[in-house]
file start33.tsv (TSV, C-alpha atoms)
chain	number	residue	atom	x	y	z
A	1	MET	CA	92.14	99.60	117.18
A	2	LYS	CA	93.74	100.59	113.89
A	3	THR	CA	94.73	97.65	111.73
A	4	PRO	CA	97.89	98.04	109.63
A	5	GLY	CA	97.52	98.11	105.88
A	6	LEU	CA	99.29	96.21	103.15
A	7	ALA	CA	102.73	97.78	103.45
A	8	GLU	CA	102.72	98.99	107.03
A	9	VAL	CA	103.85	95.51	108.07
A	10	SER	CA	107.11	96.25	106.27
A	11	PHE	CA	108.04	98.57	109.12
A	12	LEU	CA	107.57	95.73	111.60
A	13	ALA	CA	109.28	93.12	109.49
A	14	VAL	CA	112.21	95.03	108.10
A	15	LEU	CA	112.80	97.92	110.49
A	16	GLY	CA	116.08	99.57	109.77
A	17	PHE	CA	116.41	98.22	106.24
A	18	VAL	CA	114.14	100.59	104.39
A	19	GLY	CA	116.08	102.65	101.86
A	20	ILE	CA	115.91	106.31	101.13
A	21	VAL	CA	113.84	107.49	98.21
A	22	ASP	CA	116.10	108.75	95.41
A	23	LEU	CA	115.29	112.11	93.92
A	24	ALA	CA	115.06	111.87	90.16
A	25	SER	CA	117.21	114.28	88.19
A	26	PRO	CA	115.75	116.67	85.59
A	27	GLU	CA	117.36	114.49	82.90
A	28	ALA	CA	115.50	111.47	84.23
A	29	ALA	CA	112.25	113.42	84.22
A	30	LEU	CA	112.78	114.32	80.57
A	31	ALA	CA	113.57	110.70	79.79
A	32	GLY	CA	110.33	109.64	81.45
A	33	GLU	CA	108.41	112.08	79.26
A	34	SER	CA	110.11	110.99	76.03
A	35	ASP	CA	109.74	107.25	76.67
A	36	PRO	CA	106.02	106.37	76.85
A	37	SER	CA	106.67	102.89	78.25
A	38	PRO	CA	109.76	102.51	80.43
A	39	THR	CA	110.53	98.87	81.16
A	40	ILE	CA	111.09	97.31	84.56
A	41	THR	CA	112.38	93.78	84.99
A	42	VAL	CA	110.87	91.82	87.88
A	43	LYS	CA	112.70	88.71	89.09
A	44	ILE	CA	110.16	86.44	90.79
A	45	TYR	CA	111.05	83.87	93.45
A	46	ASN	CA	108.11	81.63	94.32
A	47	TYR	CA	108.41	80.20	97.86
A	48	SER	CA	104.69	79.43	98.08
A	49	GLN	CA	102.27	76.79	96.81
A	50	ALA	CA	101.03	79.08	94.05
A	51	SER	CA	100.78	77.04	90.85
A	52	PRO	CA	102.39	78.21	87.60
A	53	ALA	CA	98.90	79.01	86.30
A	54	ILE	CA	98.04	81.15	89.34
A	55	LEU	CA	101.39	82.91	89.14
A	56	ALA	CA	101.00	83.56	85.43
A	57	GLY	CA	97.53	85.00	86.02
A	58	ALA	CA	98.86	87.24	88.79
A	59	GLU	CA	101.65	88.44	86.50
A	60	ARG	CA	99.13	89.29	83.80
A	61	GLU	CA	96.99	91.27	86.22
A	62	ALA	CA	99.93	93.12	87.74
A	63	GLY	CA	101.30	93.77	84.25
A	64	ARG	CA	97.94	95.16	83.14
A	65	ILE	CA	97.80	97.51	86.11
A	66	LEU	CA	101.38	98.67	85.57
A	67	GLY	CA	100.63	99.04	81.86
A	68	ARG	CA	97.73	101.37	82.64
A	69	ALA	CA	100.28	103.48	84.51
A	70	GLY	CA	102.52	103.53	81.43
A	71	LEU	CA	105.05	100.92	82.52
A	72	GLN	CA	106.04	97.72	80.76
A	73	ALA	CA	106.92	94.81	83.05
A	74	VAL	CA	109.19	91.93	82.08
A	75	TRP	CA	108.75	88.93	84.40
A	76	LEU	CA	111.61	86.51	85.05
A	77	GLU	CA	110.67	83.43	87.07
A	78	CYS	CA	113.79	82.46	88.99
A	79	PRO	CA	114.53	79.15	90.76
A	80	VAL	CA	114.60	79.21	94.54
A	81	GLY	CA	116.74	76.12	95.09
A	82	PRO	CA	120.48	75.63	94.63
A	83	SER	CA	121.73	76.71	91.24
A	84	THR	CA	122.78	74.02	88.80
A	85	PRO	CA	125.96	74.06	86.70
A	86	GLY	CA	125.57	75.43	83.22
A	87	PRO	CA	125.38	78.68	81.29
A	88	GLN	CA	124.53	81.72	83.35
A	89	THR	CA	120.83	82.55	83.28
A	90	PRO	CA	119.30	86.05	83.49
A	91	CYS	CA	118.32	85.28	87.08
A	92	GLN	CA	121.96	84.60	88.01
A	93	LYS	CA	123.30	87.79	86.54
A	94	ALA	CA	124.15	90.69	88.83
A	95	PRO	CA	121.07	92.87	89.42
A	96	GLU	CA	120.78	95.95	87.28
A	97	ALA	CA	119.50	99.36	88.34
A	98	SER	CA	116.16	98.72	86.65
A	99	ASP	CA	115.68	95.26	88.19
A	100	LEU	CA	113.16	94.62	90.96
A	101	ARG	CA	112.91	91.45	93.04
A	102	LEU	CA	109.62	89.89	94.09
A	103	ARG	CA	109.14	87.04	96.54
A	104	VAL	CA	105.87	85.10	96.60
A	105	LEU	CA	105.72	83.76	100.13
A	106	ALA	CA	103.60	81.35	102.11
A	107	ALA	CA	101.68	82.88	104.98
A	108	PRO	CA	103.74	83.50	108.12
A	109	ILE	CA	102.83	81.24	111.02
A	110	LYS	CA	101.77	84.10	113.28
A	111	ASN	CA	100.13	87.15	111.79
A	112	LYS	CA	96.97	88.58	113.29
A	113	PHE	CA	96.62	90.98	110.35
A	114	GLN	CA	96.12	88.22	107.77
A	115	ASP	CA	92.81	89.63	106.53
A	116	THR	CA	94.33	92.94	105.46
A	117	VAL	CA	98.07	92.47	104.95
A	118	PHE	CA	98.99	90.89	101.63
A	119	GLY	CA	102.65	91.89	101.45
A	120	PHE	CA	105.43	94.33	102.25
A	121	ALA	CA	108.22	96.14	100.46
A	122	VAL	CA	111.84	96.96	101.22
A	123	HIS	CA	112.72	100.02	99.18
A	124	PRO	CA	114.23	100.23	96.63
A	125	VAL	CA	114.39	96.70	95.17
A	126	LEU	CA	112.62	93.95	97.18
A	127	ALA	CA	108.89	93.29	97.38
A	128	SER	CA	107.09	90.35	98.99
A	129	VAL	CA	103.50	89.13	98.75
A	130	TYR	CA	101.61	86.38	100.58
A	131	TYR	CA	99.91	83.96	98.21
A	132	GLU	CA	97.97	82.10	100.91
A	133	TYR	CA	96.28	85.28	102.10
A	134	ALA	CA	95.15	86.05	98.56
A	135	ALA	CA	93.83	82.50	98.18
A	136	ARG	CA	92.09	82.66	101.57
A	137	ARG	CA	90.37	85.92	100.70
A	138	ALA	CA	89.17	84.45	97.40
A	139	LYS	CA	87.69	81.46	99.25
A	140	THR	CA	85.93	83.83	101.62
A	141	ASP	CA	84.16	85.30	98.59
A	142	ASN	CA	83.45	81.79	97.23
A	143	ALA	CA	85.40	82.71	94.13
A	144	ASP	CA	88.69	80.86	93.82
A	145	PHE	CA	89.36	82.54	90.47
A	146	LYS	CA	89.90	85.79	92.36
A	147	ALA	CA	93.10	84.48	93.96
A	148	GLN	CA	95.25	85.38	90.98
A	149	ILE	CA	93.55	88.76	90.65
A	150	ILE	CA	94.09	89.60	94.32
A	151	LEU	CA	97.67	88.36	94.14
A	152	GLY	CA	98.29	90.42	91.00
A	153	CYS	CA	96.91	93.55	92.66
A	154	ALA	CA	99.05	92.91	95.74
A	155	ILE	CA	102.10	92.55	93.48
A	156	ALA	CA	101.33	95.83	91.74
A	157	HIS	CA	100.83	97.53	95.11
A	158	GLU	CA	104.18	96.38	96.50
A	159	LEU	CA	106.05	97.16	93.28
A	160	GLY	CA	104.42	100.56	93.51
A	161	HIS	CA	106.13	101.04	96.87
A	162	LEU	CA	109.49	100.25	95.28
A	163	LEU	CA	108.98	102.93	92.63
A	164	LEU	CA	107.13	105.49	94.75
A	165	GLY	CA	108.87	105.06	98.10
A	166	THR	CA	107.68	103.58	101.36
A	167	ASN	CA	105.44	106.48	102.44
A	168	SER	CA	103.31	106.26	99.33
A	169	HIS	CA	99.87	105.20	100.49
A	170	SER	CA	96.96	107.21	99.16
A	171	ASP	CA	93.26	107.74	99.77
A	172	GLU	CA	92.29	106.40	96.35
A	173	GLY	CA	93.44	103.69	93.99
A	174	ILE	CA	95.61	100.64	94.42
A	175	MET	CA	97.96	102.32	96.90
A	176	GLN	CA	95.29	102.54	99.59
A	177	PRO	CA	96.69	101.06	102.82
A	178	ARG	CA	93.66	98.94	103.64
A	179	TRP	CA	91.51	96.93	101.25
A	180	GLU	CA	87.94	96.28	102.27
A	181	THR	CA	84.71	95.45	100.45
A	182	ARG	CA	84.82	98.45	98.10
A	183	GLN	CA	88.45	97.84	97.12
A	184	PHE	CA	87.86	94.13	96.49
A	185	ARG	CA	84.88	95.01	94.32
A	186	GLN	CA	87.07	97.41	92.35
A	187	LEU	CA	89.87	94.89	91.85
A	188	THR	CA	87.38	92.31	90.62
A	189	MET	CA	86.14	94.86	88.07
A	190	GLY	CA	89.72	95.78	87.11
A	191	THR	CA	89.37	99.39	88.27
A	192	LEU	CA	91.74	99.36	91.26
A	193	LEU	CA	94.59	101.26	89.61
A	194	PHE	CA	97.35	103.78	90.23
A	195	THR	CA	96.31	107.42	90.28
A	196	THR	CA	97.43	109.77	87.52
A	197	GLU	CA	99.97	111.44	89.79
A	198	GLN	CA	101.38	108.09	90.97
A	199	SER	CA	101.71	106.97	87.36
A	200	LYS	CA	103.71	110.08	86.48
A	201	LEU	CA	106.04	109.60	89.45
A	202	MET	CA	106.61	105.92	88.64
A	203	LEU	CA	107.44	106.75	85.03
A	204	VAL	CA	110.03	109.26	86.17
A	205	GLU	CA	111.55	106.80	88.65
A	206	ALA	CA	111.62	103.94	86.12
A	207	ALA	CA	113.27	106.21	83.56
A	208	ALA	CA	115.81	107.36	86.15
A	209	ARG	CA	116.71	103.76	87.00
A	210	SER	CA	117.11	102.92	83.31
A	211	ALA	CA	119.33	105.96	82.86
A	212	ARG	CA	121.51	104.87	85.78
A	213	GLN	CA	121.79	101.40	84.28
A	214	THR	CA	122.76	102.85	80.89
A	215	LEU	CA	125.40	105.02	82.54
A	216	THR	CA	126.76	102.06	84.52
A	217	SER	CA	126.96	99.88	81.43
A	218	ALA	CA	128.75	102.63	79.52
A	219	THR	CA	131.43	102.98	82.21
A	220	ILE	CA	132.20	99.25	82.52
A	221	PRO	CA	135.32	98.52	80.43
A	222	ALA	CA	134.97	95.88	77.75
A	223	ASN	CA	136.83	92.61	78.29
call {"tool": "encode", "arguments": {"input": "start33.tsv", "output": "structure tokens"}}
result
Amino acid sequence: MKTPGLAEVSFLAVLGFVGIVDLASPEAALAGESDPSPTITVKIYNYSQASPAILAGAEREAGRILGRAGLQAVWLECPVGPSTPGPQTPCQKAPEASDLRLRVLAAPIKNKFQDTVFGFAVHPVLASVYYEYAARRAKTDNADFKAQIILGCAIAHELGHLLLGTNSHSDEGIMQPRWETRQFRQLTMGTLLFTTEQSKLMLVEAAARSARQTLTSATIPAN
């Protein structure tokens, strides 16, 4: 029986909420070519037991992978509890067109696909990854240090879905739907990456989102 891959669970979990992939304009494509490193801002909400050190390591790995694709990631760690009075923080500001949201979740109570499903994405702005599954896989390999690497790769994969669209699995690279022995060997070596074509598409989409944000900011009247 076919086992769903990393993002196929999104169809089960969020059926009816998946957005439509935006078509980038020619202007956005030109912007993507002129800007070698478009920036995406990722707001992270940690609902799991992942320590700050593990999360920082995962951010570094995901950032490295995105960087190899030509993208620069800015990580904002946001509180998950009630907000406290005081000056408005970046996490409390209204989301911008270039912002992405990432939830680091504990493992769901019932999930028979826990060996292969590390997260899901809701296009165009929300990605989720399961920390406990990454940690469990690392223990299986008797290498706890791999937890942050696996988590970082899962983060990059799900953010890839936000920039590439939901039907964006591939036969090679980090967007493969199922990770097995070969893929885990590649991620340990740091060679599980986006393909050249995926990198180009993500650059165009990131540039298009930045252009939309610039346009929105320009049309908001000053106080």
call {"tool": "residues_around", "arguments": {"input": "start33.tsv", "residues": "Leu100 (chain A)", "least_positions_apart": "6", "cutoff": "9 Å", "atoms": "only C-alpha atoms", "output": "list in words"}}
result
Ile40, Thr41, Val42, Lys43, Ile44, Pro124, Val125, Leu126, Ala127, Leu159 and Leu162 of chain A
call {"tool": "atom_distance", "arguments": {"input": "start33.tsv", "atom1": "CA of Trp75 (chain A)", "atom2": "CA of Pro177 (chain A)"}}
result
25.1 Å
call {"tool": "closest_residue", "arguments": {"input": "start33.tsv", "among": "A:Ala56, A:Lys139, A:Phe145, A:Cys153", "to": "Trp179 (chain A)", "atoms": "all atoms listed in the file"}}
result
A:Cys153
call {"tool": "residues_near_point", "arguments": {"input": "start33.tsv", "point": "(120.8, 86.1, 83.4)", "cutoff": "12 Å", "atoms": "all atoms listed in the file", "output": "ChimeraX atom specification"}}
result
/A:41,43,76-79,86-96,99
call {"tool": "residues_around", "arguments": {"input": "start33.tsv", "residues": "region 186-191 of chain A", "least_positions_apart": "2", "cutoff": "9 Å", "atoms": "all atoms listed in the file", "output": "ChimeraX atom specification"}}
result
/A:61,65,146,149-150,153,173-174,181-184,193
call {"tool": "atom_distance", "arguments": {"input": "start33.tsv", "atom1": "CA of Asp141 (chain A)", "atom2": "CA of Ser168 (chain A)"}}
result
28.4 Å
call {"tool": "atom_distance", "arguments": {"input": "start33.tsv", "atom1": "CA of Gly160 (chain A)", "atom2": "CA of Leu203 (chain A)"}}
result
10.9 Å
call {"tool": "closest_residue", "arguments": {"input": "start33.tsv", "among": "A:Val122, A:Leu163, A:Ile155, A:Ala135", "to": "Ala50 (chain A)", "atoms": "all atoms listed in the file"}}
result
A:Ala135
call {"tool": "residues_around", "arguments": {"input": "start33.tsv", "residues": "Ala107 (chain A)", "least_positions_apart": "5", "cutoff": "8 Å", "atoms": "all atoms listed in the file", "output": "count of residues only"}}
result
4
call {"tool": "closest_residue", "arguments": {"input": "start33.tsv", "among": "A:Ala147, A:Glu172, A:Ser199, A:Ala206", "to": "Ala53 (chain A)", "atoms": "all atoms listed in the file"}}
result
A:Ala147
call {"tool": "residues_around", "arguments": {"input": "start33.tsv", "residues": "Gly57 (chain A)", "least_positions_apart": "2", "cutoff": "9 Å", "atoms": "all atoms listed in the file", "output": "list in words"}}
result
Pro52, Ala53, Ile54, Leu55, Glu59, Arg60, Glu61, Ala62, Gln148, Ile149, Leu151 and Gly152 of chain A
call {"tool": "closest_residue", "arguments": {"input": "start33.tsv", "among": "A:His169, A:Lys200, A:Arg101, A:Arg68", "to": "Tyr45 (chain A)", "atoms": "all atoms listed in the file"}}
result
A:Arg101
call {"tool": "build_atoms", "arguments": {"input": "start33.tsv", "residues": "region 91-102 of chain A", "atoms": "all heavy atoms", "output": "short mmCIF file (atom, residue, chain, number, x, y, z; two decimals), in the coordinates of the input"}}
result
data_model
loop_
_atom_site.label_atom_id
_atom_site.label_comp_id
_atom_site.auth_asym_id
_atom_site.auth_seq_id
_atom_site.Cartn_x
_atom_site.Cartn_y
_atom_site.Cartn_z
N CYS A 91 118.55 85.19 85.64
CA CYS A 91 118.32 85.28 87.08
C CYS A 91 119.63 85.29 87.86
O CYS A 91 119.69 85.81 88.99
CB CYS A 91 117.46 84.12 87.55
SG CYS A 91 115.73 84.20 87.01
N GLN A 92 120.68 84.69 87.31
CA GLN A 92 121.96 84.60 88.01
C GLN A 92 122.85 85.81 87.78
O GLN A 92 123.85 85.98 88.47
CB GLN A 92 122.70 83.33 87.57
CG GLN A 92 122.00 82.03 87.97
CD GLN A 92 122.64 80.81 87.34
OE1 GLN A 92 123.06 80.85 86.18
NE2 GLN A 92 122.71 79.72 88.09
N LYS A 93 122.48 86.63 86.82
CA LYS A 93 123.30 87.79 86.54
C LYS A 93 123.17 88.82 87.66
O LYS A 93 122.17 88.86 88.38
CB LYS A 93 122.88 88.42 85.21
CG LYS A 93 123.19 87.54 84.01
CD LYS A 93 122.78 88.22 82.71
CE LYS A 93 123.10 87.35 81.50
NZ LYS A 93 122.67 87.99 80.23
N ALA A 94 124.19 89.64 87.82
CA ALA A 94 124.15 90.69 88.83
C ALA A 94 122.97 91.61 88.57
O ALA A 94 122.66 91.93 87.42
CB ALA A 94 125.46 91.50 88.79
N PRO A 95 122.25 92.01 89.62
CA PRO A 95 121.07 92.87 89.42
C PRO A 95 121.45 94.20 88.79
O PRO A 95 122.49 94.77 89.10
CB PRO A 95 120.52 93.05 90.84
CG PRO A 95 121.67 92.75 91.75
CD PRO A 95 122.50 91.73 91.04
N GLU A 96 120.58 94.66 87.91
CA GLU A 96 120.78 95.95 87.28
C GLU A 96 119.92 97.00 87.97
O GLU A 96 119.03 96.67 88.76
CB GLU A 96 120.43 95.85 85.79
CG GLU A 96 121.30 94.85 85.04
CD GLU A 96 120.98 94.80 83.56
OE1 GLU A 96 119.94 95.37 83.16
OE2 GLU A 96 121.77 94.21 82.81
N ALA A 97 120.20 98.26 87.66
CA ALA A 97 119.50 99.36 88.34
C ALA A 97 118.00 99.30 88.11
O ALA A 97 117.21 99.74 88.96
CB ALA A 97 120.07 100.70 87.88
N SER A 98 117.59 98.77 86.97
CA SER A 98 116.16 98.72 86.65
C SER A 98 115.49 97.43 87.10
O SER A 98 114.30 97.23 86.86
CB SER A 98 115.96 98.90 85.14
OG SER A 98 116.67 97.90 84.43
N ASP A 99 116.24 96.53 87.73
CA ASP A 99 115.68 95.26 88.19
C ASP A 99 114.97 95.43 89.54
O ASP A 99 115.43 96.16 90.42
CB ASP A 99 116.78 94.21 88.36
CG ASP A 99 117.33 93.73 87.02
OD1 ASP A 99 116.76 94.11 85.98
OD2 ASP A 99 118.33 92.99 87.03
N LEU A 100 113.86 94.72 89.68
CA LEU A 100 113.16 94.62 90.96
C LEU A 100 113.05 93.14 91.32
O LEU A 100 112.95 92.29 90.44
CB LEU A 100 111.77 95.24 90.86
CG LEU A 100 111.69 96.70 90.41
CD1 LEU A 100 110.23 97.14 90.28
CD2 LEU A 100 112.43 97.61 91.38
N ARG A 101 113.06 92.84 92.60
CA ARG A 101 112.91 91.45 93.04
C ARG A 101 111.59 91.28 93.78
O ARG A 101 111.20 92.12 94.58
CB ARG A 101 114.08 91.06 93.96
CG ARG A 101 115.39 90.82 93.22
CD ARG A 101 116.48 90.39 94.18
NE ARG A 101 116.80 91.45 95.11
CZ ARG A 101 117.39 91.27 96.29
NH1 ARG A 101 117.68 90.05 96.70
NH2 ARG A 101 117.68 92.29 97.06
N LEU A 102 110.92 90.17 93.48
CA LEU A 102 109.62 89.89 94.09
C LEU A 102 109.62 88.48 94.65
O LEU A 102 109.92 87.52 93.94
CB LEU A 102 108.51 90.03 93.05
CG LEU A 102 107.12 89.56 93.48
CD1 LEU A 102 106.54 90.49 94.53
CD2 LEU A 102 106.19 89.45 92.28
#
